[in-house]
file entry_14.txt (compact mmCIF, C-alpha atoms)
# COMPACT_ATOMS: atom_id res chain seq x y z
CA MET A 1 13.78 -8.22 9.53
CA THR A 2 11.53 -11.28 9.92
CA LYS A 3 7.98 -11.09 11.24
CA PHE A 4 7.36 -10.99 15.00
CA VAL A 5 5.55 -14.34 14.93
CA THR A 6 8.52 -15.90 13.16
CA ARG A 7 11.05 -14.42 15.58
CA ILE A 8 9.33 -15.50 18.78
CA LYS A 9 8.51 -18.95 17.44
CA ARG A 10 12.10 -19.52 16.37
CA ILE A 11 13.41 -18.52 19.80
CA SER A 12 10.79 -20.59 21.62
CA GLU A 13 11.83 -23.69 19.73
CA LYS A 14 15.27 -23.36 21.30
CA ARG A 15 14.44 -21.98 24.75
CA GLY A 16 10.87 -22.97 25.51
CA LYS A 17 7.67 -20.94 25.55
CA LEU A 18 8.15 -18.87 28.68
CA ILE A 19 7.63 -15.09 28.67
CA LEU A 20 8.63 -13.17 31.79
CA ALA A 21 6.06 -10.66 32.99
CA ASN A 22 8.47 -8.16 34.52
CA ASP A 23 5.64 -6.58 36.52
CA TYR A 24 7.17 -5.25 39.69
CA PRO A 25 4.99 -3.18 42.06
CA PRO A 26 5.32 0.64 41.78
CA SER A 27 7.29 0.85 45.04
CA THR A 28 10.17 -1.17 43.55
CA ASN A 29 13.45 0.74 43.29
CA LYS A 30 15.98 0.52 40.45
CA LEU A 31 13.51 -0.86 37.91
CA GLU A 32 15.93 -0.60 35.01
CA SER A 33 18.78 -2.43 36.71
CA ARG A 34 16.45 -5.09 38.12
CA THR A 35 14.96 -5.71 34.68
CA ILE A 36 18.36 -5.93 33.03
CA SER A 37 19.52 -8.29 35.77
CA ASN A 38 16.52 -10.53 35.08
CA ILE A 39 17.34 -10.59 31.37
CA ARG A 40 20.93 -11.59 32.03
CA LYS A 41 20.07 -14.24 34.63
CA LEU A 42 17.02 -15.77 32.97
CA ASN A 43 17.60 -15.38 29.21
CA LYS A 44 18.40 -19.06 28.64
CA HIS A 45 14.87 -19.89 29.78
CA LEU A 46 12.94 -17.09 28.06
CA CYS A 47 11.62 -16.34 24.59
CA GLY A 48 9.99 -13.06 25.61
CA LEU A 49 9.78 -10.22 28.10
CA LYS A 50 6.50 -8.41 28.86
CA ILE A 51 6.57 -4.97 30.42
CA ASN A 52 3.34 -3.63 31.88
CA PHE A 53 1.88 -0.13 31.58
CA HIS A 54 2.65 0.90 35.16
CA LEU A 55 6.36 0.20 34.65
CA LEU A 56 6.49 2.16 31.40
CA LEU A 57 5.06 5.15 33.26
CA GLN A 58 7.99 5.05 35.69
CA LEU A 59 10.80 4.32 33.26
CA GLY A 60 12.30 7.03 31.07
CA ARG A 61 12.77 6.84 27.31
CA LYS A 62 16.48 6.05 27.53
CA GLU A 63 15.87 3.35 30.13
CA ILE A 64 13.22 1.62 28.02
CA ILE A 65 15.40 1.73 24.90
CA ASN A 66 18.29 0.28 26.88
CA ILE A 67 16.14 -2.56 28.29
CA ASN A 68 14.87 -3.46 24.83
CA LYS A 69 18.36 -3.30 23.35
CA ILE A 70 19.79 -5.65 25.98
CA ALA A 71 16.83 -8.02 25.60
CA HIS A 72 17.46 -8.14 21.86
CA ASN A 73 21.13 -8.84 22.46
CA TYR A 74 19.92 -12.06 24.10
CA GLU A 75 17.37 -12.65 21.29
CA ILE A 76 14.43 -12.02 23.65
CA GLN A 77 11.30 -10.50 22.12
CA THR A 78 9.77 -7.61 24.06
CA ILE A 79 6.06 -6.94 24.48
CA ALA A 80 4.48 -3.68 25.66
CA ASP A 81 1.46 -4.62 27.75
CA ILE A 82 -0.63 -1.45 27.60
CA LYS A 83 -3.93 -2.98 26.43
CA LEU A 84 -4.19 -0.22 23.85
CA ASN A 85 -7.73 0.88 23.02
CA ASP A 86 -8.43 4.22 21.40
CA ILE A 87 -9.31 5.86 18.10
CA GLY A 88 -7.23 4.94 15.06
CA ASN A 89 -5.01 8.02 15.05
CA THR A 90 -4.13 7.66 18.73
CA ASN A 91 -3.46 3.94 18.33
CA GLU A 92 -1.09 4.58 15.43
CA ASN A 93 0.76 7.37 17.23
CA THR A 94 1.13 5.21 20.33
CA THR A 95 2.48 2.20 18.47
CA GLU A 96 4.91 4.37 16.50
CA ILE A 97 6.39 5.51 19.82
CA LEU A 98 6.55 1.93 21.11
CA TRP A 99 8.36 0.76 17.98
CA LYS A 100 10.88 3.61 18.30
CA LEU A 101 11.46 2.53 21.89
CA GLY A 102 12.37 -0.92 20.57
CA PHE A 103 9.34 -3.05 21.37
CA ASP A 104 8.52 -6.03 19.16
CA ALA A 105 4.82 -6.30 19.96
CA VAL A 106 1.94 -4.64 21.78
CA ILE A 107 -1.05 -6.02 23.65
CA VAL A 108 -4.31 -4.32 22.62
CA ASN A 109 -7.94 -4.36 23.73
CA PRO A 110 -10.20 -5.18 20.76
CA ILE A 111 -13.12 -3.32 22.33
CA MET A 112 -11.82 -0.52 20.09
CA GLY A 113 -13.70 -2.23 17.25
CA LYS A 114 -12.90 -4.50 14.35
CA GLN A 115 -11.89 -1.77 11.91
CA SER A 116 -9.59 -0.07 14.40
CA LEU A 117 -8.04 -3.44 15.19
CA ASN A 118 -7.51 -3.98 11.46
CA LYS A 119 -5.65 -0.66 11.14
CA ILE A 120 -3.37 -1.26 14.10
CA VAL A 121 -2.48 -4.76 12.86
CA ALA A 122 -1.81 -3.57 9.30
CA SER A 123 0.36 -0.72 10.57
CA ALA A 124 2.35 -3.03 12.86
CA HIS A 125 2.88 -5.65 10.18
CA ARG A 126 4.37 -3.09 7.82
CA LYS A 127 7.22 -2.81 10.32
CA ASN A 128 7.34 -6.53 11.21
CA LYS A 129 5.89 -5.83 14.63
CA GLY A 130 3.24 -7.88 16.41
CA VAL A 131 -0.24 -7.27 17.82
CA ILE A 132 -1.64 -9.52 20.55
CA ALA A 133 -5.34 -8.99 21.31
CA LEU A 134 -7.14 -9.60 24.58
CA CYS A 135 -9.66 -12.41 24.43
CA HIS A 136 -10.19 -13.48 28.05
CA MET A 137 -8.11 -12.38 31.04
CA SER A 138 -6.91 -14.49 33.96
CA ALA A 139 -8.46 -12.63 36.92
CA PRO A 140 -11.49 -14.25 38.60
CA GLU A 141 -13.75 -11.28 37.79
CA ALA A 142 -12.91 -11.57 34.07
CA LYS A 143 -15.81 -13.97 33.59
CA PHE A 144 -18.25 -11.18 34.46
CA SER A 145 -17.09 -9.10 31.50
CA TYR A 146 -15.44 -11.32 28.90
CA GLU A 147 -18.26 -13.85 29.14
CA LEU A 148 -21.06 -11.31 28.73
CA ASN A 149 -23.60 -12.06 26.03
CA VAL A 150 -23.41 -9.60 23.14
CA LYS A 151 -26.33 -9.17 20.76
CA LEU A 152 -25.21 -8.79 17.15
CA HIS A 153 -26.97 -7.00 14.28
CA SER A 154 -28.28 -10.37 13.15
CA ASN A 155 -29.96 -10.70 16.58
CA LYS A 156 -27.71 -13.65 17.33
CA GLU A 157 -25.83 -13.62 20.62
CA LYS A 158 -22.19 -14.42 21.35
CA ARG A 159 -20.01 -14.23 24.40
CA LEU A 160 -17.74 -11.19 24.32
CA TYR A 161 -14.58 -13.33 24.25
CA GLN A 162 -15.99 -15.25 21.28
CA LEU A 163 -16.49 -12.00 19.40
CA PHE A 164 -12.99 -10.82 20.30
CA LEU A 165 -11.64 -14.16 19.07
CA GLU A 166 -13.42 -13.82 15.72
CA TRP A 167 -12.06 -10.31 15.27
CA ALA A 168 -8.51 -11.38 16.12
CA ILE A 169 -8.69 -14.14 13.52
CA SER A 170 -10.36 -12.08 10.78
CA GLN A 171 -8.09 -9.07 11.24
CA ASN A 172 -4.87 -11.14 11.25
CA ALA A 173 -3.71 -10.44 14.78
CA ASP A 174 -0.57 -12.30 15.79
CA GLY A 175 -2.00 -13.74 18.97
CA ILE A 176 -4.64 -13.59 21.67
CA ILE A 177 -4.51 -13.41 25.45
CA VAL A 178 -6.47 -16.12 27.27
CA GLY A 179 -5.90 -16.52 31.00
CA ALA A 180 -4.34 -19.74 32.26
CA THR A 181 -7.11 -19.95 34.84
CA TYR A 182 -9.63 -20.70 32.08
CA PRO A 183 -8.34 -23.85 30.29
CA LYS A 184 -11.80 -24.65 28.88
CA ILE A 185 -11.81 -21.32 27.06
CA ILE A 186 -8.25 -21.93 25.84
CA ARG A 187 -9.44 -25.23 24.41
CA TYR A 188 -12.41 -23.54 22.72
CA CYS A 189 -10.16 -20.87 21.19
CA LYS A 190 -7.59 -23.40 20.00
CA LYS A 191 -10.28 -25.37 18.20
CA LYS A 192 -11.47 -22.21 16.43
CA ILE A 193 -8.10 -20.77 15.46
CA LYS A 194 -6.32 -24.04 14.65
CA ASN A 195 -2.88 -22.65 13.73
CA SER A 196 -3.87 -19.18 12.50
CA LEU A 197 -2.51 -17.36 15.57
CA ALA A 198 -0.89 -18.05 18.94
CA ILE A 199 -2.45 -18.19 22.39
CA TYR A 200 -0.60 -16.34 25.16
CA SER A 201 -1.65 -17.33 28.68
CA PRO A 202 -0.92 -15.29 31.83
CA GLY A 203 -1.92 -16.44 35.32
CA ILE A 204 0.43 -19.39 35.90
CA GLY A 205 1.26 -20.24 39.50
CA THR A 206 0.31 -17.34 41.74
CA GLN A 207 -3.14 -16.95 40.15
CA GLY A 208 -3.73 -20.68 40.03
CA GLY A 209 -3.06 -21.61 36.40
CA LYS A 210 -1.20 -24.86 35.74
CA VAL A 211 1.23 -25.37 32.88
CA LYS A 212 0.11 -28.93 32.16
CA ASP A 213 -3.54 -27.89 31.92
CA ILE A 214 -3.04 -24.99 29.54
CA MET A 215 -0.46 -26.65 27.32
CA SER A 216 -2.74 -29.63 26.80
CA ALA A 217 -5.61 -27.20 26.14
CA GLY A 218 -3.63 -25.45 23.41
CA SER A 219 -1.70 -22.48 24.81
CA ASP A 220 1.40 -21.57 22.82
CA TYR A 221 3.15 -19.24 25.28
CA LEU A 222 3.22 -18.94 29.07
CA ILE A 223 3.31 -15.45 30.58
CA VAL A 224 4.63 -15.68 34.14
CA GLY A 225 5.49 -12.92 36.60
CA ARG A 226 5.26 -13.25 40.37
CA THR A 227 5.89 -17.01 40.40
CA ILE A 228 9.39 -16.22 39.10
CA LEU A 229 9.99 -12.72 40.50
CA ASN A 230 9.05 -13.70 44.07
CA ALA A 231 10.75 -17.10 44.05
CA ASN A 232 13.66 -17.79 46.40
CA ASP A 233 15.54 -18.96 43.29
CA PRO A 234 14.11 -17.20 40.21
CA VAL A 235 16.47 -19.05 37.85
CA ALA A 236 15.35 -22.45 39.14
CA ALA A 237 11.71 -21.38 38.94
CA ALA A 238 12.13 -20.19 35.34
CA LYS A 239 14.02 -23.34 34.37
CA ASN A 240 11.28 -25.53 35.82
CA LEU A 241 8.58 -23.67 33.88
CA GLN A 242 10.69 -23.79 30.74
CA LEU A 243 11.02 -27.57 31.00
CA GLN A 244 7.29 -27.90 31.52
CA SER A 245 6.65 -25.81 28.42
CA PHE A 246 8.64 -28.31 26.36
CA ASN A 247 6.62 -31.25 27.70
CA LYS A 248 3.07 -30.93 26.42

call {"tool": "encode", "arguments": {"input": "entry_14.txt", "output": "structure tokens"}}
result
Amino acid sequence: MTKFVTRIKRISEKRGKLILANDYPPSTNKLESRTISNIRKLNKHLCGLKINFHLLLQLGRKEIININKIAHNYEIQTIADIKLNDIGNTNENTTEILWKLGFDAVIVNPIMGKQSLNKIVASAHRKNKGVIALCHMSAPEAKFSYELNVKLHSNKEKRLYQLFLEWAISQNADGIIVGATYPKIIRYCKKKIKNSLAIYSPGIGTQGGKVKDIMSAGSDYLIVGRTILNANDPVAAAKNLQLQSFNK
């Protein structure tokens, strides 16, 4: 099996850089069948599928395995968005379960610490799985946490997202999350990472992020949910975003 970064890049070169955030509200019925329907209808426009924590809590083991299997049949890479952040042993046990369920990558919170991030990345890479680390989220209130000043042992100060970025680079993460609503921060991160890892940007459309802005700033992948899921014509919405992702 090839590495996660290789798989998703290869698919994106053919289909564009759109990842569907299949984040339905908890009241949604028939989550498995809806998700599978989305895969079958939208696969020509997707390189990835992201499933959030609240959906995993409602889906059973067999349902998750089936979703991942069908996604893989269409060459779509699947990402478990659980923002994992715990001690090393718990992180490893959690990712082992996710890999057995068929996921290709996991989104983690680097607040766990640099060494714990190192362990989770090394463990994932041994199985050709991916680790995407939070850097700066898309919600408006994210600036009050991810842009906090952090005093280091050297008495120098950095913004929290800058520290998370350094850790992601130094510990060989496969990507970072930077919200599409913060193109200036995307541009800063792109300058720092060059081509060492990919930038995944949620927050397109409904939250105010614009494809043109983030692609020119340096985002590599677009994570889009409600703009597609709530559209009158989800296929047309996905196709439009796909075309935009090809035109930097």

call {"tool": "closest_residue", "arguments": {"input": "entry_14.txt", "among": "A:Arg7, A:Lys156, A:Lys190, A:Lys83", "to": "Val131 in chain A", "atoms": "only C-alpha atoms"}}
result
A:Lys83

call {"tool": "residues_around", "arguments": {"input": "entry_14.txt", "residues": "Ala173 in chain A", "least_positions_apart": "6", "cutoff": "12 Å", "atoms": "only C-alpha atoms", "output": "PyMOL selection string"}}
result
chain A and resi 4-5+105-110+114+116-125+129-135+164-167+193+196-199

call {"tool": "atom_distance", "arguments": {"input": "entry_14.txt", "atom1": "CA of Leu18 in chain A", "atom2": "CA of Lys239 in chain A"}}
result
9.3 Å

call {"tool": "closest_residue", "arguments": {"input": "entry_14.txt", "among": "A:Ile8, A:Ile223, A:Leu243, A:Leu148", "to": "Gly209 in chain A", "atoms": "only C-alpha atoms"}}
result
A:Ile223

call {"tool": "atom_distance", "arguments": {"input": "entry_14.txt", "atom1": "CA of Phe246 in chain A", "atom2": "CA of Asn73 in chain A"}}
result
23.5 Å

call {"tool": "atom_distance", "arguments": {"input": "entry_14.txt", "atom1": "CA of Ile185 in chain A", "atom2": "CA of Gln207 in chain A"}}
result
16.3 Å

call {"tool": "closest_residue", "arguments": {"input": "entry_14.txt", "among": "A:Asp233, A:Asn85, A:Ile111, A:Leu241", "to": "Lys41 in chain A", "atoms": "all atoms listed in the file"}}
result
A:Asp233

call {"tool": "closest_residue", "arguments": {"input": "entry_14.txt", "among": "A:Lys184, A:Lys127, A:Ile76, A:Leu42", "to": "Thr95 in chain A", "atoms": "all atoms listed in the file"}}
result
A:Lys127

call {"tool": "residues_around", "arguments": {"input": "entry_14.txt", "residues": "Ile204 in chain A", "least_positions_apart": "5", "cutoff": "10 Å", "atoms": "only C-alpha atoms", "output": "CSV table (one decimal) with C-alpha atoms, in the coordinates of the input"}}
result
chain,number,residue,atom,x,y,z
A,138,SER,CA,-6.9,-14.5,34.0
A,179,GLY,CA,-5.9,-16.5,31.0
A,180,ALA,CA,-4.3,-19.7,32.3
A,181,THR,CA,-7.1,-20.0,34.8
A,209,GLY,CA,-3.1,-21.6,36.4
A,210,LYS,CA,-1.2,-24.9,35.7
A,211,VAL,CA,1.2,-25.4,32.9
A,214,ILE,CA,-3.0,-25.0,29.5
A,222,LEU,CA,3.2,-18.9,29.1
A,223,ILE,CA,3.3,-15.4,30.6
A,224,VAL,CA,4.6,-15.7,34.1
A,225,GLY,CA,5.5,-12.9,36.6
A,226,ARG,CA,5.3,-13.2,40.4
A,227,THR,CA,5.9,-17.0,40.4
A,241,LEU,CA,8.6,-23.7,33.9

call {"tool": "residues_around", "arguments": {"input": "entry_14.txt", "residues": "Leu98 in chain A", "least_positions_apart": "2", "cutoff": "12 Å", "atoms": "all atoms listed in the file", "output": "number ranges by chain"}}
result
A: 51, 53, 56, 61, 64-65, 68, 78-82, 84, 91-96, 100-107, 124, 127, 129-131

call {"tool": "write_last_selection", "arguments": {"input": "entry_14.txt", "atoms": "C-alpha atoms", "output": "mmCIF file, in the coordinates of the input"}}
result
data_model
loop_
_atom_site.group_PDB
_atom_site.id
_atom_site.type_symbol
_atom_site.label_atom_id
_atom_site.label_comp_id
_atom_site.auth_asym_id
_atom_site.auth_seq_id
_atom_site.Cartn_x
_atom_site.Cartn_y
_atom_site.Cartn_z
ATOM 1 C CA ILE A 51 6.570 -4.970 30.420
ATOM 2 C CA PHE A 53 1.880 -0.130 31.580
ATOM 3 C CA LEU A 56 6.490 2.160 31.400
ATOM 4 C CA ARG A 61 12.770 6.840 27.310
ATOM 5 C CA ILE A 64 13.220 1.620 28.020
ATOM 6 C CA ILE A 65 15.400 1.730 24.900
ATOM 7 C CA ASN A 68 14.870 -3.460 24.830
ATOM 8 C CA THR A 78 9.770 -7.610 24.060
ATOM 9 C CA ILE A 79 6.060 -6.940 24.480
ATOM 10 C CA ALA A 80 4.480 -3.680 25.660
ATOM 11 C CA ASP A 81 1.460 -4.620 27.750
ATOM 12 C CA ILE A 82 -0.630 -1.450 27.600
ATOM 13 C CA LEU A 84 -4.190 -0.220 23.850
ATOM 14 C CA ASN A 91 -3.460 3.940 18.330
ATOM 15 C CA GLU A 92 -1.090 4.580 15.430
ATOM 16 C CA ASN A 93 0.760 7.370 17.230
ATOM 17 C CA THR A 94 1.130 5.210 20.330
ATOM 18 C CA THR A 95 2.480 2.200 18.470
ATOM 19 C CA GLU A 96 4.910 4.370 16.500
ATOM 20 C CA LYS A 100 10.880 3.610 18.300
ATOM 21 C CA LEU A 101 11.460 2.530 21.890
ATOM 22 C CA GLY A 102 12.370 -0.920 20.570
ATOM 23 C CA PHE A 103 9.340 -3.050 21.370
ATOM 24 C CA ASP A 104 8.520 -6.030 19.160
ATOM 25 C CA ALA A 105 4.820 -6.300 19.960
ATOM 26 C CA VAL A 106 1.940 -4.640 21.780
ATOM 27 C CA ILE A 107 -1.050 -6.020 23.650
ATOM 28 C CA ALA A 124 2.350 -3.030 12.860
ATOM 29 C CA LYS A 127 7.220 -2.810 10.320
ATOM 30 C CA LYS A 129 5.890 -5.830 14.630
ATOM 31 C CA GLY A 130 3.240 -7.880 16.410
ATOM 32 C CA VAL A 131 -0.240 -7.270 17.820
#

call {"tool": "residues_around", "arguments": {"input": "entry_14.txt", "residues": "Leu49 in chain A", "least_positions_apart": "3", "cutoff": "8 Å", "atoms": "only C-alpha atoms", "output": "PyMOL selection string"}}
result
chain A and resi 19-22+46+71+76-79

call {"tool": "axis_aligned_box", "arguments": {"input": "entry_14.txt", "around": "range 56-65 of chain A", "padding_each_side": "3 Å", "output": "AutoDock Vina command-line options"}}
result
--center_x 10.8 --center_y 4.3 --center_z 30.3 --size_x 17.4 --size_y 11.4 --size_z 16.8

call {"tool": "closest_residue", "arguments": {"input": "entry_14.txt", "among": "A:Asn43, A:Gln115, A:Thr90, A:Thr206", "to": "Arg15 in chain A", "atoms": "all atoms listed in the file"}}
result
A:Asn43

call {"tool": "residues_around", "arguments": {"input": "entry_14.txt", "residues": "Pro25 in chain A", "least_positions_apart": "2", "cutoff": "9 Å", "atoms": "only C-alpha atoms", "output": "number ranges by chain"}}
result
A: 23, 27-28, 54-55

call {"tool": "decode", "arguments": {"input": "entry_14.txt", "residues": "range 162-182 of chain A", "atoms": "N, CA and C atoms", "output": "PDB file, in the first residue's frame"}}
result
ATOM      1  N   GLN A 162       1.239  29.079  15.493  1.00  0.00           N
ATOM      2  CA  GLN A 162       2.614  29.017  14.997  1.00  0.00           C
ATOM      3  C   GLN A 162       3.375  27.862  15.637  1.00  0.00           C
ATOM      4  N   LEU A 163       3.121  27.653  16.923  1.00  0.00           N
ATOM      5  CA  LEU A 163       3.749  26.530  17.618  1.00  0.00           C
ATOM      6  C   LEU A 163       3.232  25.205  17.070  1.00  0.00           C
ATOM      7  N   PHE A 164       1.914  25.112  16.893  1.00  0.00           N
ATOM      8  CA  PHE A 164       1.321  23.899  16.319  1.00  0.00           C
ATOM      9  C   PHE A 164       1.890  23.627  14.926  1.00  0.00           C
ATOM     10  N   LEU A 165       2.090  24.672  14.148  1.00  0.00           N
ATOM     11  CA  LEU A 165       2.653  24.522  12.808  1.00  0.00           C
ATOM     12  C   LEU A 165       4.069  23.953  12.885  1.00  0.00           C
ATOM     13  N   GLU A 166       4.890  24.499  13.778  1.00  0.00           N
ATOM     14  CA  GLU A 166       6.261  24.012  13.931  1.00  0.00           C
ATOM     15  C   GLU A 166       6.286  22.541  14.330  1.00  0.00           C
ATOM     16  N   TRP A 167       5.397  22.168  15.230  1.00  0.00           N
ATOM     17  CA  TRP A 167       5.337  20.770  15.665  1.00  0.00           C
ATOM     18  C   TRP A 167       4.914  19.860  14.517  1.00  0.00           C
ATOM     19  N   ALA A 168       3.918  20.282  13.759  1.00  0.00           N
ATOM     20  CA  ALA A 168       3.448  19.464  12.629  1.00  0.00           C
ATOM     21  C   ALA A 168       4.571  19.227  11.628  1.00  0.00           C
ATOM     22  N   ILE A 169       5.357  20.267  11.369  1.00  0.00           N
ATOM     23  CA  ILE A 169       6.472  20.136  10.428  1.00  0.00           C
ATOM     24  C   ILE A 169       7.559  19.230  11.002  1.00  0.00           C
ATOM     25  N   SER A 170       7.969  19.502  12.246  1.00  0.00           N
ATOM     26  CA  SER A 170       9.096  18.769  12.827  1.00  0.00           C
ATOM     27  C   SER A 170       8.775  17.310  13.115  1.00  0.00           C
ATOM     28  N   GLN A 171       7.508  17.005  13.351  1.00  0.00           N
ATOM     29  CA  GLN A 171       7.122  15.627  13.677  1.00  0.00           C
ATOM     30  C   GLN A 171       6.548  14.879  12.473  1.00  0.00           C
ATOM     31  N   ASN A 172       6.695  15.467  11.287  1.00  0.00           N
ATOM     32  CA  ASN A 172       6.343  14.791  10.023  1.00  0.00           C
ATOM     33  C   ASN A 172       4.864  14.453   9.868  1.00  0.00           C
ATOM     34  N   ALA A 173       4.014  15.329  10.367  1.00  0.00           N
ATOM     35  CA  ALA A 173       2.577  15.150  10.114  1.00  0.00           C
ATOM     36  C   ALA A 173       2.324  15.234   8.604  1.00  0.00           C
ATOM     37  N   ASP A 174       1.200  14.700   8.178  1.00  0.00           N
ATOM     38  CA  ASP A 174       0.884  14.675   6.753  1.00  0.00           C
ATOM     39  C   ASP A 174       0.165  15.928   6.289  1.00  0.00           C
ATOM     40  N   GLY A 175      -0.362  16.688   7.242  1.00  0.00           N
ATOM     41  CA  GLY A 175      -1.080  17.896   6.875  1.00  0.00           C
ATOM     42  C   GLY A 175      -1.482  18.679   8.101  1.00  0.00           C
ATOM     43  N   ILE A 176      -1.973  19.887   7.860  1.00  0.00           N
ATOM     44  CA  ILE A 176      -2.510  20.723   8.931  1.00  0.00           C
ATOM     45  C   ILE A 176      -3.886  21.234   8.531  1.00  0.00           C
ATOM     46  N   ILE A 177      -4.683  21.559   9.530  1.00  0.00           N
ATOM     47  CA  ILE A 177      -5.972  22.192   9.317  1.00  0.00           C
ATOM     48  C   ILE A 177      -5.814  23.687   9.546  1.00  0.00           C
ATOM     49  N   VAL A 178      -6.159  24.484   8.540  1.00  0.00           N
ATOM     50  CA  VAL A 178      -6.226  25.936   8.702  1.00  0.00           C
ATOM     51  C   VAL A 178      -7.525  26.401   8.054  1.00  0.00           C
ATOM     52  N   GLY A 179      -8.374  27.060   8.833  1.00  0.00           N
ATOM     53  CA  GLY A 179      -9.687  27.450   8.352  1.00  0.00           C
ATOM     54  C   GLY A 179      -9.650  28.366   7.140  1.00  0.00           C
ATOM     55  N   ALA A 180     -10.595  28.153   6.234  1.00  0.00           N
ATOM     56  CA  ALA A 180     -10.686  28.952   5.013  1.00  0.00           C
ATOM     57  C   ALA A 180     -11.054  30.395   5.290  1.00  0.00           C
ATOM     58  N   THR A 181     -11.510  30.681   6.494  1.00  0.00           N
ATOM     59  CA  THR A 181     -11.875  32.040   6.875  1.00  0.00           C
ATOM     60  C   THR A 181     -10.669  32.860   7.323  1.00  0.00           C
ATOM     61  N   TYR A 182      -9.487  32.235   7.292  1.00  0.00           N
ATOM     62  CA  TYR A 182      -8.261  32.930   7.701  1.00  0.00           C
ATOM     63  C   TYR A 182      -7.178  32.797   6.615  1.00  0.00           C
TER      64      TYR A 182
END
